[in-house]
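Source file: coords.cif (mmCIF, C-alpha atoms)
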```cif
data_query
#
loop_
_atom_site.label_atom_id
_atom_site.label_comp_id
_atom_site.auth_asym_id
_atom_site.auth_seq_id
_atom_site.Cartn_x
_atom_site.Cartn_y
_atom_site.Cartn_z
CA MET A 1 -20.94 22.96 -12.50
CA SER A 2 -23.22 25.17 -14.52
CA SER A 3 -26.30 23.68 -12.89
CA LYS A 4 -24.71 24.40 -9.53
CA ILE A 5 -24.26 28.03 -10.50
CA VAL A 6 -27.84 28.31 -11.71
CA ARG A 7 -29.01 27.35 -8.25
CA ILE A 8 -26.83 29.87 -6.41
CA ALA A 9 -29.14 32.83 -6.04
CA GLY A 10 -31.34 32.37 -3.01
CA SER A 11 -30.06 28.84 -2.52
CA GLU A 12 -28.82 27.65 0.85
CA SER A 13 -27.28 24.40 -0.38
CA VAL A 14 -23.80 23.64 0.85
CA GLU A 15 -22.27 23.48 -2.63
CA ALA A 16 -23.87 26.71 -3.81
CA ASP A 17 -22.95 28.56 -0.65
CA LEU A 18 -19.35 27.43 -0.78
CA LEU A 19 -19.06 28.30 -4.44
CA VAL A 20 -19.52 31.96 -3.52
CA VAL A 21 -17.01 31.56 -0.71
CA ASP A 22 -14.47 29.96 -3.03
CA TYR A 23 -14.98 32.62 -5.67
CA VAL A 24 -14.24 35.42 -3.23
CA ALA A 25 -11.29 33.48 -1.79
CA GLY A 26 -9.87 32.98 -5.30
CA ARG A 27 -10.02 29.21 -5.11
CA LEU A 28 -12.10 28.44 -8.21
CA GLU A 29 -10.45 26.59 -11.06
CA GLU A 30 -10.27 28.48 -14.33
CA ASP A 31 -13.28 26.86 -16.00
CA GLU A 32 -15.39 27.25 -12.86
CA LEU A 33 -14.30 30.85 -12.61
CA LEU A 34 -15.33 31.64 -16.18
CA ARG A 35 -18.77 30.12 -15.74
CA PHE A 36 -19.27 31.82 -12.39
CA GLU A 37 -18.37 35.23 -13.71
CA ALA A 38 -20.55 34.76 -16.75
CA GLN A 39 -23.51 34.24 -14.46
CA LEU A 40 -22.41 36.98 -12.12
CA ARG A 41 -22.67 39.57 -14.89
CA ASN A 42 -26.38 38.84 -15.35
CA ASP A 43 -27.51 37.95 -11.86
CA GLN A 44 -28.13 40.82 -9.44
CA ALA A 45 -28.94 38.50 -6.53
CA LEU A 46 -25.69 36.64 -7.01
CA ALA A 47 -23.78 39.91 -7.26
CA ALA A 48 -25.28 40.98 -3.92
CA ARG A 49 -24.23 37.73 -2.30
CA VAL A 50 -20.71 38.13 -3.63
CA ALA A 51 -20.52 41.70 -2.32
CA THR A 52 -21.67 40.57 1.10
CA GLU A 53 -19.27 37.67 1.09
CA ARG A 54 -16.43 40.05 0.24
CA ALA A 55 -17.36 42.19 3.24
CA LEU A 56 -17.57 39.17 5.51
CA HIS A 57 -14.29 37.77 4.19
CA LYS A 58 -12.49 41.04 4.81
CA SER A 59 -14.05 41.48 8.23
CA ILE A 60 -13.00 37.99 9.31
CA ILE A 61 -9.42 38.50 8.14
CA ASP A 62 -9.20 41.97 9.67
CA SER A 63 -10.98 41.02 12.89
CA VAL A 64 -7.74 40.14 14.65
CA PRO A 65 -4.49 42.08 14.20
CA LEU A 66 -1.52 40.17 12.83
CA SER A 67 0.85 39.06 15.53
CA GLN A 68 3.54 36.45 15.68
CA PRO A 69 6.02 35.24 18.29
CA ASN A 70 9.24 37.24 18.61
CA ALA A 71 12.27 35.97 16.76
CA ASP A 72 14.11 35.37 20.02
CA ALA A 73 11.41 33.00 21.25
CA PHE A 74 13.40 30.19 19.68
CA ALA A 75 16.01 30.56 22.43
CA ARG A 76 13.35 29.62 24.97
CA LEU A 77 12.32 26.58 22.95
CA LYS A 78 15.95 25.51 22.68
CA ALA A 79 16.39 25.85 26.43
CA GLN A 80 13.23 23.81 26.94
CA ILE A 81 14.54 21.07 24.66
CA ASP A 82 17.94 21.08 26.35
CA ALA A 83 16.33 20.85 29.78
CA SER A 84 14.01 18.03 28.78
CA GLU A 85 16.64 15.96 27.02
CA SER A 86 19.93 16.48 28.78
CA LEU A 87 19.57 14.50 32.00
CA PRO A 88 17.37 11.59 30.89
CA GLU A 89 19.49 11.25 27.76
CA ALA A 90 22.73 11.15 29.72
CA GLU A 91 21.32 8.66 32.19
CA ASP A 92 19.77 6.48 29.52
CA GLU A 93 22.99 6.33 27.60
CA ALA A 94 24.99 5.65 30.72
CA SER A 95 22.86 2.64 31.56
CA ASP A 96 21.90 1.35 28.14
CA ARG A 97 24.95 1.49 25.96
CA SER A 98 27.55 -1.21 26.09
CA SER A 99 30.31 0.92 24.66
CA THR A 100 33.62 0.73 26.50
CA SER A 101 34.70 4.21 25.63
CA ALA A 102 34.68 6.47 28.62
CA GLU A 103 33.60 9.60 26.91
CA THR A 104 31.82 10.51 23.67
CA ASN A 105 30.71 13.74 22.16
CA ASP A 106 26.96 13.72 21.97
CA GLU A 107 26.30 16.03 19.05
CA ARG A 108 22.56 15.70 19.33
CA ALA A 109 22.47 17.38 22.69
CA GLY A 110 25.43 19.55 21.89
CA SER A 111 27.13 18.43 25.05
CA THR A 112 29.65 15.92 26.25
CA VAL A 113 28.13 12.91 27.92
CA VAL A 114 30.11 10.56 30.09
CA GLN A 115 29.23 6.94 29.44
CA PHE A 116 29.75 4.20 31.97
CA PRO A 117 30.66 0.89 30.40
CA ARG A 118 28.77 -2.16 31.68
CA ARG A 119 31.41 -3.66 33.84
CA LYS A 120 30.74 -4.70 37.39
CA ILE A 121 33.65 -2.62 38.60
CA TRP A 122 31.78 0.54 37.63
CA LYS A 123 28.78 -0.26 39.75
CA PRO A 124 30.40 0.33 43.15
CA MET A 125 32.18 3.30 41.64
CA ALA A 126 28.88 4.76 40.52
CA VAL A 127 27.39 4.21 43.96
CA ALA A 128 30.41 5.84 45.56
CA ALA A 129 30.17 8.74 43.13
CA SER A 130 26.48 9.24 43.88
CA VAL A 131 27.10 9.22 47.62
CA ALA A 132 29.94 11.69 47.17
CA ALA A 133 27.77 13.90 45.01
CA ALA A 134 24.94 13.73 47.52
CA LEU A 135 27.29 14.64 50.36
CA PHE A 136 28.67 17.48 48.29
CA LEU A 137 25.20 18.77 47.55
CA THR A 138 24.22 18.39 51.19
CA THR A 139 26.97 20.72 52.26
CA THR A 140 26.81 23.20 49.40
CA LEU A 141 23.17 23.46 48.45
CA ASP A 142 21.51 23.41 51.81
CA GLY A 143 21.55 27.18 51.92
CA TYR A 144 19.59 27.28 48.70
CA ARG A 145 16.66 25.25 49.93
CA GLN A 146 13.44 26.32 48.35
CA PRO A 147 11.92 29.28 50.18
CA ALA A 148 8.58 28.56 51.73
CA ASN A 149 6.53 30.70 49.42
CA ASN A 150 3.36 29.21 48.09
CA GLU A 151 1.30 32.27 47.37
CA ASP A 152 0.57 30.86 43.95
CA ARG A 153 0.68 27.33 42.68
CA GLU A 154 3.96 27.61 40.89
CA PHE A 155 7.12 25.87 41.83
CA THR A 156 10.35 27.82 41.55
CA THR A 157 13.35 25.65 40.87
CA LEU A 158 16.31 25.46 43.17
CA SER A 159 18.78 26.06 40.40
CA SER A 160 17.12 28.73 38.28
CA ASP A 161 14.29 31.22 38.11
CA VAL A 162 12.18 29.00 35.92
CA THR A 163 8.67 28.41 37.16
CA VAL A 164 6.25 25.76 36.10
CA PRO A 165 2.57 25.17 36.53
CA VAL A 166 2.00 22.29 38.88
CA GLU A 167 0.73 19.59 36.58
CA GLY A 168 0.28 15.92 37.18
CA SER A 169 2.31 15.20 34.05
CA ALA A 170 5.33 17.30 35.07
CA GLN A 171 8.67 15.63 35.64
CA TYR A 172 11.20 16.53 38.29
CA ARG A 173 14.81 15.65 39.07
CA LEU A 174 15.01 14.63 42.69
CA ILE A 175 17.91 13.74 44.98
CA PHE A 176 17.23 12.37 48.44
CA VAL A 177 19.52 12.95 51.39
CA PRO A 178 21.97 10.02 51.84
CA GLU A 179 20.02 8.62 54.78
CA VAL A 180 17.12 7.69 52.53
CA THR A 181 17.52 4.08 51.44
CA GLU A 182 14.03 3.17 50.31
CA ALA A 183 13.61 5.72 47.57
CA GLU A 184 10.53 4.22 46.00
CA ARG A 185 8.60 4.01 49.25
CA VAL A 186 9.63 7.53 50.29
CA ALA A 187 8.68 8.89 46.87
CA GLY A 188 5.28 7.29 47.36
CA THR A 189 4.79 9.14 50.60
CA LEU A 190 5.55 12.37 48.70
CA ALA A 191 2.86 11.55 46.10
CA MET A 192 5.64 11.06 43.58
CA LYS A 193 6.28 8.14 41.29
CA ILE A 194 9.82 7.25 40.24
CA ILE A 195 10.04 6.83 36.48
CA ASP A 196 13.81 6.69 36.11
CA GLY A 197 16.97 6.52 38.17
CA PRO A 198 18.95 6.63 40.20
CA GLY A 199 21.46 8.17 37.80
CA PRO A 200 25.21 8.33 38.42
CA ALA A 201 24.72 11.28 40.78
CA GLY A 202 21.87 9.61 42.64
CA ALA A 203 19.22 11.62 40.87
CA TYR A 204 15.77 10.22 40.19
CA VAL A 205 13.28 11.37 37.60
CA VAL A 206 9.91 11.53 39.30
CA THR A 207 6.45 12.62 38.36
CA PRO A 208 3.61 13.59 40.68
CA SER A 209 1.08 10.81 40.92
CA ARG A 210 -1.57 13.54 40.90
CA ALA A 211 -1.67 17.31 40.39
CA LEU A 212 0.14 18.92 43.30
CA SER A 213 -1.71 21.16 45.68
CA ALA A 214 -0.10 24.19 47.29
CA GLU A 215 0.14 22.22 50.52
CA ALA A 216 1.92 19.36 48.77
CA LEU A 217 4.42 21.81 47.30
CA GLU A 218 5.04 23.33 50.67
CA ALA A 219 5.66 19.87 52.08
CA LEU A 220 8.12 19.11 49.28
CA ARG A 221 10.03 22.32 49.89
CA ASN A 222 10.47 21.56 53.54
CA ASP A 223 10.77 17.79 53.54
CA PRO A 224 14.05 16.89 55.30
CA ARG A 225 14.45 13.78 53.15
CA ILE A 226 14.76 15.86 49.96
CA LEU A 227 18.14 17.30 49.14
CA PHE A 228 17.37 18.70 45.73
CA ILE A 229 14.35 18.92 43.45
CA GLU A 230 13.77 20.84 40.27
CA PRO A 231 11.54 20.49 37.23
CA LEU A 232 12.98 18.84 34.16
CA ARG A 233 10.74 20.93 31.92
CA TYR A 234 9.17 24.28 32.29
CA GLY A 235 6.03 25.55 30.73
CA LYS A 236 3.42 23.06 29.62
CA THR A 237 4.60 19.51 29.29
CA GLN A 238 3.71 17.47 26.27
CA MET B 1 -0.57 25.68 -5.25
CA ASP B 2 -0.44 25.67 -1.51
CA ALA B 3 -2.80 27.89 0.40
CA LEU B 4 -1.01 27.36 3.69
CA ALA B 5 1.19 30.36 3.20
CA SER B 6 1.71 33.39 5.35
CA PRO B 7 -1.37 35.59 5.66
CA MET B 8 1.18 38.39 5.60
CA ALA B 9 1.53 37.62 1.89
CA GLU B 10 -2.20 37.86 1.36
CA LYS B 11 -1.96 40.40 -1.45
CA LYS B 12 0.35 38.28 -3.54
CA PRO B 13 -1.08 36.05 -6.26
CA ILE B 14 -1.61 32.60 -4.83
CA GLU B 15 0.84 31.10 -7.31
CA ASN B 16 3.63 33.08 -5.68
CA ARG B 17 2.79 31.70 -2.27
CA THR B 18 3.93 28.21 -3.11
CA LEU B 19 5.67 26.72 -0.11
CA PRO B 20 9.11 25.26 -0.47
CA ASP B 21 7.90 21.85 0.66
CA GLU B 22 11.08 20.18 -0.54
CA ARG B 23 13.14 22.45 1.68
CA ASP B 24 10.82 21.72 4.61
CA ARG B 25 11.15 17.97 4.01
CA GLY B 26 14.91 18.33 4.09
CA LEU B 27 14.73 20.20 7.38
CA ILE B 28 12.42 17.57 8.91
CA ALA B 29 14.82 14.83 7.82
CA ARG B 30 17.75 16.64 9.44
CA ILE B 31 15.75 17.04 12.65
CA ALA B 32 14.64 13.41 12.69
CA VAL B 33 17.96 11.81 11.76
CA ASP B 34 20.62 14.21 12.95
CA ARG B 35 18.65 15.98 15.73
CA ASP B 36 19.88 19.11 13.98
CA MET B 37 19.02 22.19 16.04
CA ASP B 38 19.94 24.53 13.16
CA ALA B 39 17.35 22.81 11.00
CA LEU B 40 14.76 23.26 13.73
CA GLU B 41 15.60 26.94 13.96
CA GLN B 42 15.20 27.41 10.20
CA LEU B 43 11.84 25.68 10.30
CA TYR B 44 10.90 27.66 13.40
CA GLN B 45 11.63 31.05 11.87
CA SER B 46 9.84 30.12 8.67
CA TYR B 47 6.66 28.96 10.43
CA ARG B 48 6.81 31.77 12.96
CA GLU B 49 5.72 34.10 10.19
CA ARG B 50 3.00 31.95 8.69
CA LEU B 51 1.71 29.82 11.57
CA GLY B 52 2.22 32.41 14.33
CA PRO B 53 -0.48 34.83 13.15
CA PHE B 54 -2.95 31.96 12.79
CA LEU B 55 -2.30 30.79 16.34
CA PHE B 56 -2.66 34.35 17.61
CA ARG B 57 -6.16 34.49 16.15
CA ILE B 58 -7.08 31.50 18.27
CA VAL B 59 -5.38 32.31 21.58
CA ARG B 60 -5.64 36.14 21.29
CA ASP B 61 -2.75 36.71 23.64
CA GLU B 62 0.89 37.33 22.76
CA ALA B 63 2.39 35.30 25.60
CA ALA B 64 -0.01 32.42 25.04
CA ASN B 65 0.70 32.63 21.32
CA GLU B 66 4.42 32.16 21.88
CA GLU B 67 3.80 29.32 24.30
CA THR B 68 1.43 27.56 21.93
CA PHE B 69 3.78 28.06 18.99
CA ASN B 70 6.69 26.69 20.99
CA ASP B 71 4.54 23.72 22.02
CA VAL B 72 3.87 23.03 18.36
CA MET B 73 7.54 23.25 17.44
CA MET B 74 8.50 21.11 20.44
CA THR B 75 6.15 18.44 19.09
CA VAL B 76 7.77 18.84 15.67
CA TRP B 77 11.16 18.26 17.31
CA GLN B 78 9.91 15.21 19.20
CA LYS B 79 7.83 13.65 16.42
CA ALA B 80 9.88 14.50 13.33
CA GLY B 81 10.80 10.84 13.01
CA GLN B 82 7.13 9.98 12.64
CA TYR B 83 6.58 12.24 9.62
CA GLN B 84 6.08 9.80 6.76
CA GLY B 85 5.90 12.20 3.83
CA GLY B 86 2.33 11.36 2.88
CA SER B 87 1.32 15.00 3.12
CA LYS B 88 3.08 18.31 2.84
CA VAL B 89 5.18 19.27 5.81
CA SER B 90 3.01 22.35 6.22
CA THR B 91 -0.12 20.18 6.46
CA TRP B 92 1.55 17.99 9.06
CA ILE B 93 2.63 20.98 11.14
CA TYR B 94 -0.78 22.63 10.84
CA ALA B 95 -2.33 19.35 12.00
CA ILE B 96 -0.19 19.53 15.14
CA ALA B 97 -1.19 23.17 15.58
CA TYR B 98 -4.83 22.26 15.00
CA ARG B 99 -4.82 19.91 17.98
CA GLN B 100 -3.08 22.50 20.14
CA CYS B 101 -5.67 25.09 19.14
CA LEU B 102 -8.58 22.78 19.92
CA LYS B 103 -7.11 22.21 23.37
CA SER B 104 -6.72 25.94 23.83
CA LEU B 105 -10.25 26.70 22.65
CA ARG B 106 -11.77 23.99 24.83
CA GLY B 107 -9.88 25.38 27.78
CA LYS B 108 -11.40 28.76 27.07
CA ARG B 109 -14.91 27.47 26.50
CA HIS B 110 -16.25 28.92 29.72
CA GLU B 111 -14.90 32.34 28.77
CA LYS B 112 -16.84 32.32 25.53
CA ASN B 113 -20.10 32.01 27.37
CA THR B 114 -19.39 35.05 29.46
CA VAL B 115 -18.98 37.43 26.50
CA GLU B 116 -21.49 40.22 26.88
CA LEU B 117 -22.99 41.43 23.68
CA PRO B 118 -23.58 45.14 23.28
CA GLU B 119 -27.19 46.17 23.64
CA ASP B 120 -27.31 48.47 20.66
CA LEU B 121 -25.20 47.73 17.65
CA THR B 122 -27.48 49.13 15.03
CA ALA B 123 -25.12 51.95 14.15
CA ASN B 124 -22.40 49.63 12.93
CA SER B 125 -21.80 51.34 9.65
CA ASP B 126 -18.04 51.52 9.61
CA GLY B 127 -15.45 48.80 9.15
CA ALA B 128 -14.13 48.89 12.69
CA GLU B 129 -17.52 48.07 14.11
CA ASN B 130 -18.01 45.30 11.57
CA ARG B 131 -14.72 43.78 12.64
CA GLU B 132 -15.73 44.01 16.27
CA LEU B 133 -19.01 42.30 15.49
CA VAL B 134 -17.32 39.55 13.53
CA THR B 135 -14.72 39.05 16.24
CA ARG B 136 -17.48 38.50 18.77
CA ALA B 137 -19.41 36.31 16.39
CA LEU B 138 -16.38 34.10 15.79
CA THR B 139 -16.00 33.45 19.49
CA GLY B 140 -19.61 32.27 19.50
CA LEU B 141 -18.82 29.38 17.16
CA SER B 142 -18.02 25.86 18.31
CA GLU B 143 -14.34 24.89 18.29
CA ASP B 144 -14.61 22.77 15.15
CA HIS B 145 -16.58 25.43 13.28
CA ARG B 146 -14.21 28.16 14.40
CA MET B 147 -11.17 26.23 13.22
CA ALA B 148 -12.79 25.46 9.87
CA ILE B 149 -13.59 29.14 9.32
CA GLU B 150 -10.13 30.33 10.38
CA LEU B 151 -8.34 27.81 8.18
CA SER B 152 -10.59 28.56 5.23
CA TYR B 153 -10.77 32.33 5.47
CA PHE B 154 -7.56 33.39 7.16
CA VAL B 155 -5.06 30.75 6.15
CA GLY B 156 -6.74 30.19 2.79
CA CYS B 157 -6.75 26.40 2.91
CA THR B 158 -8.81 24.37 0.49
CA TYR B 159 -11.41 22.04 2.00
CA ARG B 160 -9.17 19.10 1.11
CA GLU B 161 -6.28 20.67 3.03
CA ILE B 162 -8.48 21.39 6.05
CA ALA B 163 -9.71 17.79 5.95
CA ASP B 164 -6.12 16.52 6.01
CA ILE B 165 -5.28 18.86 8.90
CA ALA B 166 -8.36 17.97 10.92
CA GLY B 167 -8.25 14.29 10.02
CA CYS B 168 -11.78 14.01 8.73
CA PRO B 169 -13.55 13.72 5.35
CA GLU B 170 -13.65 16.71 3.01
CA SER B 171 -17.45 16.56 3.01
CA THR B 172 -17.40 17.05 6.79
CA ILE B 173 -15.29 20.16 6.41
CA LYS B 174 -17.60 21.58 3.76
CA THR B 175 -20.55 20.98 6.04
CA ARG B 176 -18.70 22.61 8.94
CA VAL B 177 -17.87 25.71 6.92
CA PHE B 178 -21.45 25.92 5.69
CA HIS B 179 -22.96 25.58 9.14
CA ALA B 180 -20.35 27.89 10.65
CA ARG B 181 -21.44 30.55 8.16
CA GLN B 182 -25.08 29.94 9.02
CA LYS B 183 -24.22 30.34 12.68
CA LEU B 184 -22.25 33.50 11.97
CA LYS B 185 -25.25 34.92 10.17
CA GLN B 186 -27.46 34.08 13.10
CA ILE B 187 -25.10 35.64 15.63
CA LEU B 188 -24.60 38.75 13.53
CA SER B 189 -28.37 39.02 13.17
CA GLU B 190 -28.82 38.79 16.93
CA MET B 191 -26.21 41.50 17.32
CA GLY B 192 -28.23 43.73 15.03
CA SER B 193 -25.75 43.86 12.19
CA GLU B 194 -27.05 45.85 9.24
CA SER B 195 -23.88 45.73 7.21
CA PHE B 196 -24.34 42.02 6.61
CA GLU B 197 -28.08 42.19 6.14
CA GLU B 198 -27.86 40.53 2.73
CA LEU B 199 -26.42 37.52 4.44
CA LEU B 200 -29.17 37.27 6.98
#
```
Please, can you express the file's structure as structure tokens?
Amino acid sequence: MSSKIVRIAGSESVEADLLVVDYVAGRLEEDELLRFEAQLRNDQALAARVATERALHKSIIDSVPLSQPNADAFARLKAQIDASESLPEAEDEASDRSSTSAETNDERAGSTVVQFPRRKIWKPMAVAASVAAALFLTTTLDGYRQPANNEDREFTTLSSDVTVPVEGSAQYRLIFVPEVTEAERVAGTLAMKIIDGPGPAGAYVVTPSRALSAEALEALRNDPRILFIEPLRYGKTQ
Amino acid sequence: MDALASPMAEKKPIENRTLPDERDRGLIARIAVDRDMDALEQLYQSYRERLGPFLFRIVRDEAANEETFNDVMMTVWQKAGQYQGGSKVSTWIYAIAYRQCLKSLRGKRHEKNTVELPEDLTANSDGAENRELVTRALTGLSEDHRMAIELSYFVGCTYREIADIAGCPESTIKTRVFHARQKLKQILSEMGSESFEELL
């Protein structure tokens, strides 16, 4: 270490340069610190470098004002988590678990999730339920169809004011009108790929097969085959 | 000692900035195993104060800062089960933030090249002008060099800690900090800085 210190003044070696940095930052171990300060007392060139480093250190730290997210920003993260987990989680559990209980309290999501046991009798019931839900949505949500407004490339959901950037990795919940029977093919014509579904209510999770243009969004908003579409996540997706 | 503490606590002796890593590990375990939202909120509020200001230095925008911070904490929520305890929780979270910051900086790369330098900065005798010069000089660094400087100077990380965060050898980080400082000197020189003339 002492030889390193001897080479400091005027030296441009990595170790010597960083020794000055570490001294000013208070990161030297005690023995290093003692040796450094011993040299510092008798070395004007080293003292000048330390003074300059102090000025640079302070300028770097002060160059940007301190700022941090607001405390209430957590509520937005929580909403984002809830939105991203609630539907896929409910659908996954409905299809994957073999439990025979009709209802469990899903503490992870903080919500009650209905589970469908794997019995053949539930399959036609699920289909009937999805048709009923689709019919219900047809009659009640038609008035809330997405307005044709594509001034910017953001997609406003049907069910909330949340907007999302149109990214190829975004995921949407999509329900077709009951007349659509070939969901996968129709999704393909919409430049969408089905990655999950249909769920109990006939909802699919879809993702754009490429980043959506404003024209593609406009087409989605007005496509008569689409009953309902909204993003599963807002903001940047992971 | 853990240098990854809040820059807000800069004036405190470093010994007093020791992070409660055990508490953080407990919170991560609750998130991973129990999907405990209260644990996430505790971690969130704790890191909001120490990671938030660091992210702000990179994104330089309050809305983008919140979005980036929430992205980091979303990843923490999603990947908590993958934390294996080989490093401090703070190092793991900073590593997530590091990748987010690199993405952000690379997205802004074109903006950096459009920064117009003032024609005459020879009268930069006061601190405010020095800070302005340094701010501009920092944006002239490459992403890797910028991150190394910010983690070393602002967060106060050791080179070993930065290496763990960036996922590269300690010697690489030392070289990055060294060359970043050389570059800073060069940029400050081109800007006509007299206050840092000993560096040049």
Near chain B, which residues of chain A fall within 6 Å when you count all atoms listed in the file, and what do they look like as a list in words?
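Listed by rising number, the hits are Val14, Ser59, Ile61, Ser63, Leu66, Ser67, Gln68, Pro69, Leu77 and Arg108 of chain A.
Residue nearest Ala129 of chain A within the list A:Gly199, A:Arg185, A:Ala83, A:Ala191: A:Gly199 [criterion: smallest interatomic distance, only C-alpha atoms].
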Can you tell me how far atom CA of Pro178 of chain A sits from atom CA of Asp223 of chain A, in Å to one decimal?
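Between these atoms lies a distance of 13.7 Å.
In this model, the gap between atom CA of Ala55 of chain A and atom CA of Glu32 of chain A comes to 22.1 Å.
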What does the distance between atom CA of Ile175 of chain A and atom CA of Phe228 of chain A come to in Å, to one decimal place?
5.0 Å
